[in-house]
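Working notes for the structure below.
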Amino acid sequence: MLTLLRAVIGRDLRLAMRRQADIVAAMFFFIIVVSLFPLGVGPEPDQLRRMAPGVLWVAALLATMLSLPRLFADDHRDGTLEQLALAPQPLGLIVLGKVIAHWLVAGLPLVVLAPVLGVQFDLAADALGVLVLSLLIGTPALSGIGAIGAALTLGVRGGGVLLSLLVLPLYIPVLIFGAGAVDATVSGLGPQAHLSLLGALALGGVFFAPWPTAAALRVALE
Amino acid sequence: MHWNSFGEFLAMGDHGLYVWGSLVVMALLLVVEPMLLLRGRRTLVTRLKRQFRAERAELENRRSTPAPQRVSTPHRSQV
Amino acid sequence: MTERVINWFKYASPQTFYPLAGRLIPWFWALAALFGAAGLTIGFLLAPTDAQQGEGYRIIFLHVPASWLSMFIYLVMAFWAGIGLAFNIRLSGMMASALAPTGALFAFLSLWTGALWGKPMWGTWWVWDARLTSELILLFLYIGFIALQAAIDDPRRADKAGAILALVGVVNIPIIYFSVKWWNTLHQGASVSLTKAPSMAAMMLWGMLLCALGCWMYSIAIALMRVRTIMLERERHTDWVRSLLDDKG
């Protein structure tokens, strides 16, 4: 089982490395969106500090969305997906591997970039730490939940916009607890409760979402 | 009856705009929805009827045409 | 037992359900009108003034039924979607798609009446209260469902994809609700207390229940009407639709 997971992850990572431009584009999207906010609302440090968790988290949601249509589309086009669906291994497990690979490619870079951008918003060191931690815990949930939407909109016209319409409402709890954790740190409440709820969401997102995703993929392949 | 006069009823204790704004919009939408449905259904039914009539007419037409002509246009009969 | 099962499946075929629905629709319209008229009479003509909110509280007779129905319809929709997915019954999928627009309509009405209620009571059209926010998200979920089904041409695939989305949504609704509630308690900026509902006199409760029943019957009537149209559209290549429409024309 683990070998299967590792094989799927390794394959998807190799494929992603061949298209590094996509990853870089998503990262720059994240950076640009975050940098636009101070230009929109003004440079007062107090206000920026208050907005930072929400802005960074919303930008992270949007940046994750960008790469989601790709999650199954390429495999669908060249027929790999059909083969995977026919394979004796459970499709959910294969999806889990693809979700993990997606997170490594699309989620992890956001975690790395976040502290730099947080500094732009004058976040204190402890808040920066919690921001990174919350993104680290929360972004896997985004990949997991997003996979459901990616599978449902596979090969559907207007797929990209539709995908965001389906997935963004489902992202709301992650956004609330993710940004809430940083908020709670800034206001001195301590982020533990938020982070543990975020962890629960991430576990749910990563381990339950592959099954409806697999079901949706089978529907798309019919 | 709770109200003393019709004017009082309309005023709703200075909240008339809000109360009637809610009621009118809700009533309007709940009337518009079935009307739209009926209209959509009517267009669908007319379209299907026309289609069925055309198909039947074509079928009868084909039956009445002499056999040699059908052989001469094999593609037609497959349509 | 077996006979009953067979009976149910008989009505699950569009061919038998179509005329049955047609016969039922007028009854549900009559019930909707009856309950609606009774509820509105009680709510707008007979019920006493609320001590705290004055006459403005009468929006409750519209707002609460709309909110209930918007949530209830989503559950029913997910139920039909799940049945359709599990047992591969065409009718269930059609029912789910027939319910979605009406559910979205009620979610919108709930927000609209809520805003019109909020303005005189709290002085603002919108507060980011847990319930209002969840209702908004519910509207988003409906719109997502409708958009997904509209984007897929093959009706069988549209049904199944919609069913998966509806079920995922149903699992998520409590999570979304509680997270929004949690978020709301942490951001107690607005000094608005929504939990302090007006104490319900028996008459108010009756008015509300009757209005909700009216909306419920309305939803059933509308869903049956819409499902009939969907049936005609999807089954237009079958003999029963042909004989139904061709002989009359």
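Ordering of the structure tokens sets the chain letters (A, B, ...), residue numbers begin anew at 1 in every chain, and ligands are numbered from 1 in the order given.
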With a cut-off of 7 Å, could you pull out the residues of chain C touching chain B and give me the nearest pair of atoms for each, distance in Å to one decimal, using only C-alpha atoms, ordered by chain and ascending number, as JSON lines?
{"residue": "C:Leu45", "atom": "CA", "partner": "B:His2", "partner_atom": "CA", "distance": 5.9}
{"residue": "C:Leu46", "atom": "CA", "partner": "B:His2", "partner_atom": "CA", "distance": 5.0}
{"residue": "C:Ala47", "atom": "CA", "partner": "B:His2", "partner_atom": "CA", "distance": 6.6}
{"residue": "C:Pro48", "atom": "CA", "partner": "B:His2", "partner_atom": "CA", "distance": 6.3}
{"residue": "C:Gly54", "atom": "CA", "partner": "B:Gly13", "partner_atom": "CA", "distance": 6.7}
{"residue": "C:Glu55", "atom": "CA", "partner": "B:Met12", "partner_atom": "CA", "distance": 5.3}
{"residue": "C:Gly56", "atom": "CA", "partner": "B:His15", "partner_atom": "CA", "distance": 5.3}
{"residue": "C:Arg58", "atom": "CA", "partner": "B:Val19", "partner_atom": "CA", "distance": 6.8}
{"residue": "C:Ile59", "atom": "CA", "partner": "B:Val19", "partner_atom": "CA", "distance": 5.6}
{"residue": "C:Leu109", "atom": "CA", "partner": "B:Met26", "partner_atom": "CA", "distance": 6.4}
{"residue": "C:Thr113", "atom": "CA", "partner": "B:Ser22", "partner_atom": "CA", "distance": 5.1}
{"residue": "C:Leu116", "atom": "CA", "partner": "B:Tyr18", "partner_atom": "CA", "distance": 5.1}
{"residue": "C:Trp117", "atom": "CA", "partner": "B:Tyr18", "partner_atom": "CA", "distance": 6.6}
{"residue": "C:Ile222", "atom": "CA", "partner": "B:Pro34", "partner_atom": "CA", "distance": 6.6}
{"residue": "C:Arg226", "atom": "CA", "partner": "B:Leu37", "partner_atom": "CA", "distance": 6.7}
{"residue": "C:Thr229", "atom": "CA", "partner": "B:Arg41", "partner_atom": "CA", "distance": 5.7}
{"residue": "C:Arg242", "atom": "CA", "partner": "B:Phe52", "partner_atom": "CA", "distance": 6.9}
{"residue": "C:Leu245", "atom": "CA", "partner": "B:Lys49", "partner_atom": "CA", "distance": 5.9}
{"residue": "C:Asp246", "atom": "CA", "partner": "B:Lys49", "partner_atom": "CA", "distance": 5.9}
{"residue": "C:Gly249", "atom": "CA", "partner": "B:Lys49", "partner_atom": "CA", "distance": 6.3}
Output for the residues just chosen: C-alpha atoms as a PDB file, in the first residue's frame:
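As a result, again.pdb now contains:
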ATOM      1  CA  LEU C  45     -54.125  40.227  10.937  1.00  0.00           C
ATOM      2  CA  LEU C  46     -54.630  38.472  14.240  1.00  0.00           C
ATOM      3  CA  ALA C  47     -51.320  38.102  16.068  1.00  0.00           C
ATOM      4  CA  PRO C  48     -50.641  40.702  18.758  1.00  0.00           C
ATOM      5  CA  GLY C  54     -43.222  46.156  17.681  1.00  0.00           C
ATOM      6  CA  GLU C  55     -44.861  45.314  14.383  1.00  0.00           C
ATOM      7  CA  GLY C  56     -41.595  44.696  12.566  1.00  0.00           C
ATOM      8  CA  ARG C  58     -44.106  40.111  11.620  1.00  0.00           C
ATOM      9  CA  ILE C  59     -41.356  39.419   9.110  1.00  0.00           C
ATOM     10  CA  LEU C 109     -35.686  34.808   0.418  1.00  0.00           C
ATOM     11  CA  THR C 113     -36.284  38.941   4.613  1.00  0.00           C
ATOM     12  CA  LEU C 116     -35.216  43.639   5.930  1.00  0.00           C
ATOM     13  CA  TRP C 117     -35.764  42.407   9.450  1.00  0.00           C
ATOM     14  CA  ILE C 222     -43.146  23.141  -7.591  1.00  0.00           C
ATOM     15  CA  ARG C 226     -40.347  20.755 -12.403  1.00  0.00           C
ATOM     16  CA  THR C 229     -40.708  18.957 -17.211  1.00  0.00           C
ATOM     17  CA  ARG C 242     -44.083  10.216 -27.782  1.00  0.00           C
ATOM     18  CA  LEU C 245     -47.579  14.242 -26.813  1.00  0.00           C
ATOM     19  CA  ASP C 246     -48.024  12.982 -30.346  1.00  0.00           C
ATOM     20  CA  GLY C 249     -51.159  17.129 -31.245  1.00  0.00           C
TER      21      GLY C 249
END
Write down, as an NGL selection string, each residue of chain A that has any atom within 9 Å of an atom of chain C, counting only C-alpha atoms. :A and (148-149 or 152-153 or 156-159 or 162-163 or 165-167 or 169-174 or 176-177 or 180 or 184 or 209 or 212-213 or 215-216 or 219-220 or 222)
Got time to write the residues from that selection, C-alpha atoms, as a PDB file, in the first residue's frame?
ATOM      1  CA  ILE A 148     -13.389  16.464  -4.924  1.00  0.00           C
ATOM      2  CA  GLY A 149     -14.129  19.582  -6.940  1.00  0.00           C
ATOM      3  CA  LEU A 152     -16.438  16.599 -10.300  1.00  0.00           C
ATOM      4  CA  THR A 153     -15.529  19.201 -12.910  1.00  0.00           C
ATOM      5  CA  VAL A 156     -16.706  19.783 -17.935  1.00  0.00           C
ATOM      6  CA  ARG A 157     -16.951  22.991 -19.925  1.00  0.00           C
ATOM      7  CA  GLY A 158     -16.113  26.077 -17.893  1.00  0.00           C
ATOM      8  CA  GLY A 159     -14.408  23.743 -15.451  1.00  0.00           C
ATOM      9  CA  LEU A 162     -17.083  26.044 -11.785  1.00  0.00           C
ATOM     10  CA  LEU A 163     -14.397  24.431  -9.681  1.00  0.00           C
ATOM     11  CA  LEU A 165     -17.708  27.882  -7.234  1.00  0.00           C
ATOM     12  CA  LEU A 166     -17.900  24.356  -5.831  1.00  0.00           C
ATOM     13  CA  VAL A 167     -14.792  24.306  -3.715  1.00  0.00           C
ATOM     14  CA  PRO A 169     -17.642  27.383   0.060  1.00  0.00           C
ATOM     15  CA  LEU A 170     -16.248  24.095   1.323  1.00  0.00           C
ATOM     16  CA  TYR A 171     -12.959  25.829   2.163  1.00  0.00           C
ATOM     17  CA  ILE A 172     -14.637  28.189   4.619  1.00  0.00           C
ATOM     18  CA  PRO A 173     -14.006  26.161   7.796  1.00  0.00           C
ATOM     19  CA  VAL A 174     -10.315  25.861   6.920  1.00  0.00           C
ATOM     20  CA  ILE A 176     -11.886  30.339   9.617  1.00  0.00           C
ATOM     21  CA  PHE A 177      -9.639  28.170  11.748  1.00  0.00           C
ATOM     22  CA  GLY A 180      -8.369  32.400  13.419  1.00  0.00           C
ATOM     23  CA  ALA A 184      -5.851  34.437  18.319  1.00  0.00           C
ATOM     24  CA  ALA A 209     -12.056  13.301   0.647  1.00  0.00           C
ATOM     25  CA  PRO A 212     -15.905  10.848  -2.838  1.00  0.00           C
ATOM     26  CA  THR A 213     -13.174  11.993  -5.223  1.00  0.00           C
ATOM     27  CA  ALA A 215     -16.494   8.119  -6.873  1.00  0.00           C
ATOM     28  CA  ALA A 216     -16.587  11.374  -8.833  1.00  0.00           C
ATOM     29  CA  VAL A 219     -18.614   9.064 -12.797  1.00  0.00           C
ATOM     30  CA  ALA A 220     -16.450  11.238 -15.030  1.00  0.00           C
ATOM     31  CA  GLU A 222     -18.167   6.455 -17.527  1.00  0.00           C
TER      32      GLU A 222
END
Nearest residue to Gly43 (chain C) out of C:Ala12, C:Leu205, C:Val171, C:Leu91, using only C-alpha atoms?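 Result for the nearest residue to Gly43 (chain C): C:Leu205.
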DSSP helix (DSSP H, G or I) residues within region 150-238 of chain C, as an NGL selection string: :C and (150-151 or 155-186 or 202-234)
Same residues, C-alpha atoms, output as a PDB file, in the first residue's frame:
ATOM      1  CA  ALA C 150     -26.006  22.796 -15.811  1.00  0.00           C
ATOM      2  CA  ALA C 151     -22.437  22.392 -17.032  1.00  0.00           C
ATOM      3  CA  PRO C 155     -28.004  13.847 -17.642  1.00  0.00           C
ATOM      4  CA  ARG C 156     -26.871  10.595 -16.049  1.00  0.00           C
ATOM      5  CA  ARG C 157     -23.455  12.031 -15.294  1.00  0.00           C
ATOM      6  CA  ALA C 158     -25.016  15.296 -14.144  1.00  0.00           C
ATOM      7  CA  ASP C 159     -27.196  13.382 -11.693  1.00  0.00           C
ATOM      8  CA  LYS C 160     -24.327  11.400 -10.255  1.00  0.00           C
ATOM      9  CA  ALA C 161     -21.899  14.304 -10.033  1.00  0.00           C
ATOM     10  CA  GLY C 162     -24.608  16.436  -8.428  1.00  0.00           C
ATOM     11  CA  ALA C 163     -25.374  13.639  -5.985  1.00  0.00           C
ATOM     12  CA  ILE C 164     -21.756  13.402  -4.859  1.00  0.00           C
ATOM     13  CA  LEU C 165     -21.613  17.165  -4.438  1.00  0.00           C
ATOM     14  CA  ALA C 166     -24.880  17.235  -2.486  1.00  0.00           C
ATOM     15  CA  LEU C 167     -23.676  14.499  -0.152  1.00  0.00           C
ATOM     16  CA  VAL C 168     -20.329  16.207   0.391  1.00  0.00           C
ATOM     17  CA  GLY C 169     -22.275  19.391   1.102  1.00  0.00           C
ATOM     18  CA  VAL C 170     -24.510  17.687   3.625  1.00  0.00           C
ATOM     19  CA  VAL C 171     -21.503  16.361   5.502  1.00  0.00           C
ATOM     20  CA  ASN C 172     -19.985  19.830   5.419  1.00  0.00           C
ATOM     21  CA  ILE C 173     -23.004  21.854   6.497  1.00  0.00           C
ATOM     22  CA  PRO C 174     -22.681  21.089  10.219  1.00  0.00           C
ATOM     23  CA  ILE C 175     -18.912  21.666  10.034  1.00  0.00           C
ATOM     24  CA  ILE C 176     -19.459  24.970   8.282  1.00  0.00           C
ATOM     25  CA  TYR C 177     -22.185  25.970  10.725  1.00  0.00           C
ATOM     26  CA  PHE C 178     -20.122  25.245  13.809  1.00  0.00           C
ATOM     27  CA  SER C 179     -16.999  26.841  12.433  1.00  0.00           C
ATOM     28  CA  VAL C 180     -18.923  29.976  11.565  1.00  0.00           C
ATOM     29  CA  LYS C 181     -20.492  29.969  15.012  1.00  0.00           C
ATOM     30  CA  TRP C 182     -17.088  29.604  16.636  1.00  0.00           C
ATOM     31  CA  TRP C 183     -15.708  32.357  14.427  1.00  0.00           C
ATOM     32  CA  ASN C 184     -18.633  34.560  15.384  1.00  0.00           C
ATOM     33  CA  THR C 185     -18.198  34.132  19.127  1.00  0.00           C
ATOM     34  CA  LEU C 186     -14.545  35.104  18.785  1.00  0.00           C
ATOM     35  CA  ALA C 202     -49.036  30.450  20.965  1.00  0.00           C
ATOM     36  CA  MET C 203     -50.713  32.375  18.187  1.00  0.00           C
ATOM     37  CA  MET C 204     -47.408  33.498  16.716  1.00  0.00           C
ATOM     38  CA  LEU C 205     -46.158  29.948  16.772  1.00  0.00           C
ATOM     39  CA  TRP C 206     -49.240  28.767  14.934  1.00  0.00           C
ATOM     40  CA  GLY C 207     -48.903  31.468  12.348  1.00  0.00           C
ATOM     41  CA  MET C 208     -45.301  30.512  11.761  1.00  0.00           C
ATOM     42  CA  LEU C 209     -46.029  26.806  11.563  1.00  0.00           C
ATOM     43  CA  LEU C 210     -48.867  27.332   9.112  1.00  0.00           C
ATOM     44  CA  CYS C 211     -46.719  29.559   6.916  1.00  0.00           C
ATOM     45  CA  ALA C 212     -43.955  26.962   6.997  1.00  0.00           C
ATOM     46  CA  LEU C 213     -46.445  24.255   6.041  1.00  0.00           C
ATOM     47  CA  GLY C 214     -47.653  26.443   3.194  1.00  0.00           C
ATOM     48  CA  CYS C 215     -44.098  26.879   1.935  1.00  0.00           C
ATOM     49  CA  TRP C 216     -43.536  23.149   2.266  1.00  0.00           C
ATOM     50  CA  MET C 217     -46.596  22.313   0.178  1.00  0.00           C
ATOM     51  CA  TYR C 218     -45.534  24.970  -2.321  1.00  0.00           C
ATOM     52  CA  SER C 219     -42.120  23.325  -2.607  1.00  0.00           C
ATOM     53  CA  ILE C 220     -43.660  19.914  -3.206  1.00  0.00           C
ATOM     54  CA  ALA C 221     -45.976  21.281  -5.874  1.00  0.00           C
ATOM     55  CA  ILE C 222     -43.146  23.141  -7.591  1.00  0.00           C
ATOM     56  CA  ALA C 223     -40.789  20.181  -7.380  1.00  0.00           C
ATOM     57  CA  LEU C 224     -43.398  17.900  -8.924  1.00  0.00           C
ATOM     58  CA  MET C 225     -44.029  20.399 -11.707  1.00  0.00           C
ATOM     59  CA  ARG C 226     -40.347  20.755 -12.403  1.00  0.00           C
ATOM     60  CA  VAL C 227     -39.680  17.039 -12.263  1.00  0.00           C
ATOM     61  CA  ARG C 228     -42.404  16.514 -14.881  1.00  0.00           C
ATOM     62  CA  THR C 229     -40.708  18.957 -17.211  1.00  0.00           C
ATOM     63  CA  ILE C 230     -37.341  17.328 -16.589  1.00  0.00           C
ATOM     64  CA  MET C 231     -38.885  13.936 -17.350  1.00  0.00           C
ATOM     65  CA  LEU C 232     -40.280  15.103 -20.672  1.00  0.00           C
ATOM     66  CA  GLU C 233     -36.977  16.654 -21.619  1.00  0.00           C
ATOM     67  CA  ARG C 234     -34.865  13.665 -20.702  1.00  0.00           C
TER      68      ARG C 234
END
Restricting the calculation to only C-alpha atoms: of A:Ala179, A:Ala85, A:Ile94, A:Leu195, which residue gets closest to Gly54 (chain A)? A:Ala179
Surrounding residues of Pro115 (chain A) excluding itself and chain neighbours under 4 positions, 10 Å, only C-alpha atoms, as a list in words: Leu56, Leu110, Val111, Val119, Gln120, Phe121, Leu123, Ala125, Ala127, Leu128, Gly129, Val130, Leu131 and Val132 of chain A
Computed gap from CA of Ala59 (chain A) to CA of Gln20 (chain A) is 20.2 Å
Rounded to one decimal in Å, what is the spacing between CA of Thr185 (chain A) and CA of Arg49 (chain A)?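 Going from CA of Thr185 (chain A) over to CA of Arg49 (chain A) covers 11.7 Å.
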Distance query Leu86 (chain A) at most 12 Å, only C-alpha atoms, self and fewer than 3 positions along chain excluded, as a PyMOL selection string: chain A and resi 79-83+89-91+94+214+217-218+221-222
